[in-house]
Amino acid sequence: MPARLEIEGGIPLKGTVKVSAAKNAALPALAAALLTAEPLVFPNLPDLQDVRTMIRLLQTLGATIDRDGARVTVRVARVMKDEAAYELVSTMRASVLVLGPLVARHGSARVALPGGCAIGVRPIDQHLKGLARLGAEIAIENGYVVARASRLRGASIAPDMVTVTGTENLMMAAALAQGTTIIENAAREPEVSDLAALLNAMGARISGAGTARIEIEGVPTLGGATHRIVPDRIEAGTLIVAGAITRGDVTVSDLVPEHLEAVLAKLDECGVAIEVGPTWVRVRGPERPRPADVVTSPFPGFATDMQAQLMTLLALADGSSRVTETIFENRFMHAAELVRLGARIETEGSTAIIRGVPYYQGAQVMASDLRASAALVLAGLAARGRTEVARVYHLDRGYERMETKLAGLGARIDRRT
Ligand code: EPU
């Protein structure tokens with residue numbers, strides 16, 4: 001039977017907890033190792049299932065990995081294979097991040113098309129259109145994207161929508177292209193800026209990361225670098241909500257407050273007491289949160305990756321809230337599970353209407369994706385009685401030692417296998 005978490009709810013969390021490095025920055029940073037024959041050193045790689053999957057993928061492509069605790073060195077002296085197989089891509093869509101680097105350095109790539117997933121259709125057409133603009137020949141053969149190019153050429157690219165991994169894939173490819181590339185409508189997420197910082201440390205010439213217009217002057221080769229990965233703003237936000245929802249008093253440290261502005265503003269609206277330091281946030285939960293409406297949007301807006309966690313808090317508010325999801329078309333799977341815990345939530349297309357209830361009641365629930373599982377853990381922490389969250393492997397994909405961190409704040413949470 002897959003592992004599950006058992007939570008005895010109702011305990012106000014107290015104390016200080018540290019945030020790990022960001023999953024969504026670690027994955028592109030690892031893929032960037034394909035761009036150079038020299039080693040990349042990551043002193044703080046998070047130990048997560050998705051990171052392990054990306055490392056496994058890199059090993060199949062020819063990478064050697066050296067580990068010393070959280071310090072991981074990745075080296076791809078030679079690209080031995082250019083294929084990301086369906087078996088790996090279907091377990092982790094971010095595998096598609098090897099596409100740009102492989103074409104740029106090796107001249108060819110075969111990457112399985114990811115297909116749909118629990119939160120939406122999630123096509124990669126913008127990655128492919130962008131690579132084609134850079135001069136790659138792209139074909140779809142037997143469920144695989146097959147891309148070829150002798151040397152990519154800089155170009156002007158304007159994706160039709162803001163795409164995080166799309167921007168990252170194109171930035172990596174353009175770093176080794178001949179000439180200058182402009183990406184308009186680029187994703188402004190901190191993880192994109194973190195990747196640009198790594199690439200620049202490797203010798204790339206990238207400016208404008210963090211804005212909607214990124215300029216990349218191609219260079220012929222890239223070298224090694226040592227790079228600390230940016231803190232995980234979504235893990236931070238999840239832990240902050242844990243403090244708030246349990247009426248606790250929690251300091252979440254080792255974070256970048258500027259990356260959390262939209263989340264903190266929304267929590268403030270909900271009546272959560274927030275104190276912000278240079279690298280920490282202290283949160284004290286109200287007796288009962290106030291309702292609020294939220295619409296997800298690309299950074300610096302309210303992140304879709306925090307939508308489920310916020311909904312979990314709003315479901316206990318004194319009044320009605322509306323949550324509108326604009327990034328993914330099917331990201332309300334947690335709502336039905338929260339209803340099992342006593343929440344009153346109705347979904348109408350991309351909007352959820354949440355009528356606050358005074359408390360959750362413990363129950364058995366099932367995680368459907370990463371952030372949905374985080375939401376269920378939060379609800380379990382607040383609930384009266386015992387909650388069992390099944391399929392916790394979803395949580396393990398993106399949270400490092402979540403139950404240990406929560407237990408350190410006084411939560412009664414156990415893993416059962
Ligand atoms: N889209 C397209 N075509 C494309 C690319 C994207 O139609 O070629 C659409 C998607 O279907 C979606 C929207 O554009 O509706 C935005 O998707 P985006 O490409 O930005 O998502 P992603 O890059 O696949 C990353 C994170 C997600 C996070 C989203 C949005 C990584 C590895 N993943 O995904 O993280 O939700 O950006 O911020 O960075 C998570 O960590 O739980 C997670 C799902």
# chains A, B, ... in the order shown; residues from 1 in each chain; ligands from 1
>>> select_by_dssp(residues="segment 184-264 of chain A", states="strand (DSSP E or B)", output="PDB file with all heavy atoms, in the first residue's frame")
ATOM      1  N   ARG A 205      25.134  35.306 -21.540  1.00  0.00           N
ATOM      2  CA  ARG A 205      24.904  36.760 -21.495  1.00  0.00           C
ATOM      3  C   ARG A 205      23.409  37.019 -21.588  1.00  0.00           C
ATOM      4  O   ARG A 205      22.857  37.157 -22.677  1.00  0.00           O
ATOM      5  CB  ARG A 205      25.617  37.431 -22.659  1.00  0.00           C
ATOM      6  CG  ARG A 205      27.102  37.271 -22.563  1.00  0.00           C
ATOM      7  CD  ARG A 205      27.831  38.377 -23.297  1.00  0.00           C
ATOM      8  NE  ARG A 205      29.238  38.055 -23.303  1.00  0.00           N
ATOM      9  CZ  ARG A 205      29.991  37.999 -24.406  1.00  0.00           C
ATOM     10  NH1 ARG A 205      29.469  38.278 -25.582  1.00  0.00           N
ATOM     11  NH2 ARG A 205      31.258  37.691 -24.308  1.00  0.00           N
ATOM     12  N   ILE A 206      22.787  37.018 -20.417  1.00  0.00           N
ATOM     13  CA  ILE A 206      21.327  37.150 -20.342  1.00  0.00           C
ATOM     14  C   ILE A 206      20.986  38.384 -19.519  1.00  0.00           C
ATOM     15  O   ILE A 206      21.528  38.568 -18.430  1.00  0.00           O
ATOM     16  CB  ILE A 206      20.705  35.904 -19.671  1.00  0.00           C
ATOM     17  CG1 ILE A 206      21.081  34.654 -20.474  1.00  0.00           C
ATOM     18  CG2 ILE A 206      19.191  36.047 -19.527  1.00  0.00           C
ATOM     19  CD1 ILE A 206      20.627  33.351 -19.860  1.00  0.00           C
ATOM     20  N   SER A 207      20.119  39.219 -20.048  1.00  0.00           N
ATOM     21  CA  SER A 207      19.644  40.359 -19.251  1.00  0.00           C
ATOM     22  C   SER A 207      18.121  40.424 -19.330  1.00  0.00           C
ATOM     23  O   SER A 207      17.513  39.890 -20.255  1.00  0.00           O
ATOM     24  CB  SER A 207      20.270  41.663 -19.754  1.00  0.00           C
ATOM     25  OG  SER A 207      19.961  41.841 -21.112  1.00  0.00           O
ATOM     26  N   ALA A 209      15.968  39.097 -17.145  1.00  0.00           N
ATOM     27  CA  ALA A 209      15.214  38.039 -16.447  1.00  0.00           C
ATOM     28  C   ALA A 209      14.511  38.655 -15.246  1.00  0.00           C
ATOM     29  O   ALA A 209      15.091  39.482 -14.542  1.00  0.00           O
ATOM     30  CB  ALA A 209      16.150  36.922 -16.010  1.00  0.00           C
ATOM     31  N   THR A 211      11.782  40.326 -15.861  1.00  0.00           N
ATOM     32  CA  THR A 211      10.863  41.212 -16.579  1.00  0.00           C
ATOM     33  C   THR A 211      10.230  40.399 -17.716  1.00  0.00           C
ATOM     34  O   THR A 211      10.606  39.249 -17.948  1.00  0.00           O
ATOM     35  CB  THR A 211      11.571  42.440 -17.192  1.00  0.00           C
ATOM     36  OG1 THR A 211      12.287  42.017 -18.371  1.00  0.00           O
ATOM     37  CG2 THR A 211      12.560  43.068 -16.216  1.00  0.00           C
ATOM     38  N   ILE A 214      13.245  39.297 -22.082  1.00  0.00           N
ATOM     39  CA  ILE A 214      14.573  38.767 -21.758  1.00  0.00           C
ATOM     40  C   ILE A 214      15.421  38.796 -23.027  1.00  0.00           C
ATOM     41  O   ILE A 214      14.966  38.396 -24.110  1.00  0.00           O
ATOM     42  CB  ILE A 214      14.469  37.313 -21.225  1.00  0.00           C
ATOM     43  CG1 ILE A 214      13.600  37.284 -19.965  1.00  0.00           C
ATOM     44  CG2 ILE A 214      15.849  36.741 -20.919  1.00  0.00           C
ATOM     45  CD1 ILE A 214      13.407  35.908 -19.359  1.00  0.00           C
ATOM     46  N   GLU A 215      16.641  39.294 -22.885  1.00  0.00           N
ATOM     47  CA  GLU A 215      17.555  39.345 -24.030  1.00  0.00           C
ATOM     48  C   GLU A 215      18.720  38.400 -23.762  1.00  0.00           C
ATOM     49  O   GLU A 215      19.316  38.425 -22.694  1.00  0.00           O
ATOM     50  CB  GLU A 215      18.052  40.788 -24.201  1.00  0.00           C
ATOM     51  CG  GLU A 215      18.887  40.942 -25.446  1.00  0.00           C
ATOM     52  CD  GLU A 215      19.133  42.414 -25.812  1.00  0.00           C
ATOM     53  OE1 GLU A 215      18.277  43.278 -25.510  1.00  0.00           O
ATOM     54  OE2 GLU A 215      20.191  42.667 -26.398  1.00  0.00           O
ATOM     55  N   ILE A 216      19.014  37.576 -24.746  1.00  0.00           N
ATOM     56  CA  ILE A 216      20.067  36.572 -24.592  1.00  0.00           C
ATOM     57  C   ILE A 216      21.029  36.703 -25.759  1.00  0.00           C
ATOM     58  O   ILE A 216      20.643  36.463 -26.911  1.00  0.00           O
ATOM     59  CB  ILE A 216      19.465  35.137 -24.588  1.00  0.00           C
ATOM     60  CG1 ILE A 216      18.383  35.042 -23.520  1.00  0.00           C
ATOM     61  CG2 ILE A 216      20.543  34.083 -24.368  1.00  0.00           C
ATOM     62  CD1 ILE A 216      17.118  34.392 -23.976  1.00  0.00           C
ATOM     63  N   GLU A 217      22.253  37.060 -25.444  1.00  0.00           N
ATOM     64  CA  GLU A 217      23.291  37.115 -26.484  1.00  0.00           C
ATOM     65  C   GLU A 217      23.967  35.760 -26.475  1.00  0.00           C
ATOM     66  O   GLU A 217      24.585  35.387 -25.461  1.00  0.00           O
ATOM     67  CB  GLU A 217      24.321  38.162 -26.063  1.00  0.00           C
ATOM     68  CG  GLU A 217      24.586  39.274 -27.048  1.00  0.00           C
ATOM     69  CD  GLU A 217      25.657  40.160 -26.472  1.00  0.00           C
ATOM     70  OE1 GLU A 217      25.297  41.058 -25.693  1.00  0.00           O
ATOM     71  OE2 GLU A 217      26.838  39.914 -26.754  1.00  0.00           O
ATOM     72  N   ALA A 225      29.988  26.100 -12.931  1.00  0.00           N
ATOM     73  CA  ALA A 225      29.618  27.145 -11.963  1.00  0.00           C
ATOM     74  C   ALA A 225      29.166  26.490 -10.667  1.00  0.00           C
ATOM     75  O   ALA A 225      28.829  25.301 -10.638  1.00  0.00           O
ATOM     76  CB  ALA A 225      28.484  28.009 -12.514  1.00  0.00           C
ATOM     77  N   THR A 226      29.185  27.300  -9.604  1.00  0.00           N
ATOM     78  CA  THR A 226      28.593  26.896  -8.321  1.00  0.00           C
ATOM     79  C   THR A 226      27.409  27.817  -8.087  1.00  0.00           C
ATOM     80  O   THR A 226      27.536  29.032  -8.248  1.00  0.00           O
ATOM     81  CB  THR A 226      29.630  27.037  -7.190  1.00  0.00           C
ATOM     82  OG1 THR A 226      30.715  26.159  -7.479  1.00  0.00           O
ATOM     83  CG2 THR A 226      29.041  26.678  -5.835  1.00  0.00           C
ATOM     84  N   PRO A 231      15.251  30.030  -2.527  1.00  0.00           N
ATOM     85  CA  PRO A 231      14.306  29.360  -1.618  1.00  0.00           C
ATOM     86  C   PRO A 231      12.948  29.081  -2.276  1.00  0.00           C
ATOM     87  O   PRO A 231      12.533  29.806  -3.182  1.00  0.00           O
ATOM     88  CB  PRO A 231      14.132  30.370  -0.479  1.00  0.00           C
ATOM     89  CG  PRO A 231      15.317  31.263  -0.539  1.00  0.00           C
ATOM     90  CD  PRO A 231      15.716  31.327  -1.984  1.00  0.00           C
ATOM     91  N   ASP A 249       1.619  30.271  15.892  1.00  0.00           N
ATOM     92  CA  ASP A 249       2.562  31.388  15.893  1.00  0.00           C
ATOM     93  C   ASP A 249       3.861  30.830  15.323  1.00  0.00           C
ATOM     94  O   ASP A 249       4.652  30.207  16.027  1.00  0.00           O
ATOM     95  CB  ASP A 249       2.748  31.893  17.334  1.00  0.00           C
ATOM     96  CG  ASP A 249       3.696  33.084  17.394  1.00  0.00           C
ATOM     97  OD1 ASP A 249       4.338  33.404  16.371  1.00  0.00           O
ATOM     98  OD2 ASP A 249       3.801  33.688  18.482  1.00  0.00           O
ATOM     99  N   VAL A 250       4.033  30.999  14.019  1.00  0.00           N
ATOM    100  CA  VAL A 250       5.108  30.311  13.308  1.00  0.00           C
ATOM    101  C   VAL A 250       5.988  31.321  12.578  1.00  0.00           C
ATOM    102  O   VAL A 250       5.471  32.240  11.935  1.00  0.00           O
ATOM    103  CB  VAL A 250       4.519  29.289  12.297  1.00  0.00           C
ATOM    104  CG1 VAL A 250       5.606  28.733  11.372  1.00  0.00           C
ATOM    105  CG2 VAL A 250       3.817  28.152  13.024  1.00  0.00           C
ATOM    106  N   THR A 251       7.296  31.130  12.681  1.00  0.00           N
ATOM    107  CA  THR A 251       8.232  31.934  11.895  1.00  0.00           C
ATOM    108  C   THR A 251       8.814  31.027  10.812  1.00  0.00           C
ATOM    109  O   THR A 251       9.387  29.977  11.121  1.00  0.00           O
ATOM    110  CB  THR A 251       9.352  32.506  12.791  1.00  0.00           C
ATOM    111  OG1 THR A 251       8.733  33.335  13.776  1.00  0.00           O
ATOM    112  CG2 THR A 251      10.333  33.324  11.981  1.00  0.00           C
ATOM    113  N   VAL A 252       8.614  31.432   9.582  1.00  0.00           N
ATOM    114  CA  VAL A 252       9.149  30.658   8.454  1.00  0.00           C
ATOM    115  C   VAL A 252      10.387  31.407   7.981  1.00  0.00           C
ATOM    116  O   VAL A 252      10.300  32.583   7.607  1.00  0.00           O
ATOM    117  CB  VAL A 252       8.093  30.526   7.338  1.00  0.00           C
ATOM    118  CG1 VAL A 252       8.634  29.662   6.211  1.00  0.00           C
ATOM    119  CG2 VAL A 252       6.800  29.926   7.887  1.00  0.00           C
ATOM    120  N   SER A 253      11.543  30.723   8.024  1.00  0.00           N
ATOM    121  CA  SER A 253      12.797  31.433   7.763  1.00  0.00           C
ATOM    122  C   SER A 253      13.475  30.941   6.494  1.00  0.00           C
ATOM    123  O   SER A 253      13.053  29.941   5.897  1.00  0.00           O
ATOM    124  CB  SER A 253      13.738  31.275   8.954  1.00  0.00           C
ATOM    125  OG  SER A 253      14.253  29.969   8.980  1.00  0.00           O
TER     126      SER A 253
END
>>> residues_around(residues="Glu6 of chain A", least_positions_apart="2", cutoff="8 Å", atoms="only C-alpha atoms", output="list in words")
Arg4, Glu8, Arg386, Thr387, Glu388, Val389, Ile413, Asp414, Arg415 and Arg416 of chain A
>>> atom_distance(atom1="atom CA of Arg344 of chain A", atom2="atom CA of Leu406 of chain A")
26.2 Å
>>> residues_around(residues="Tyr399 of chain A", least_positions_apart="4", cutoff="9 Å", atoms="only C-alpha atoms", output="list in words")
Ser20, Lys23, Pro46, Asp47, Leu48, Gln49, Glu235, Leu370, Ala374 and Leu395 of chain A
>>> closest_residue(among="A:Ala118, A:Ile274, A:Ala173, A:Ala85", to="ligand 1", atoms="only C-alpha atoms and all ligand atoms")
A:Ala118
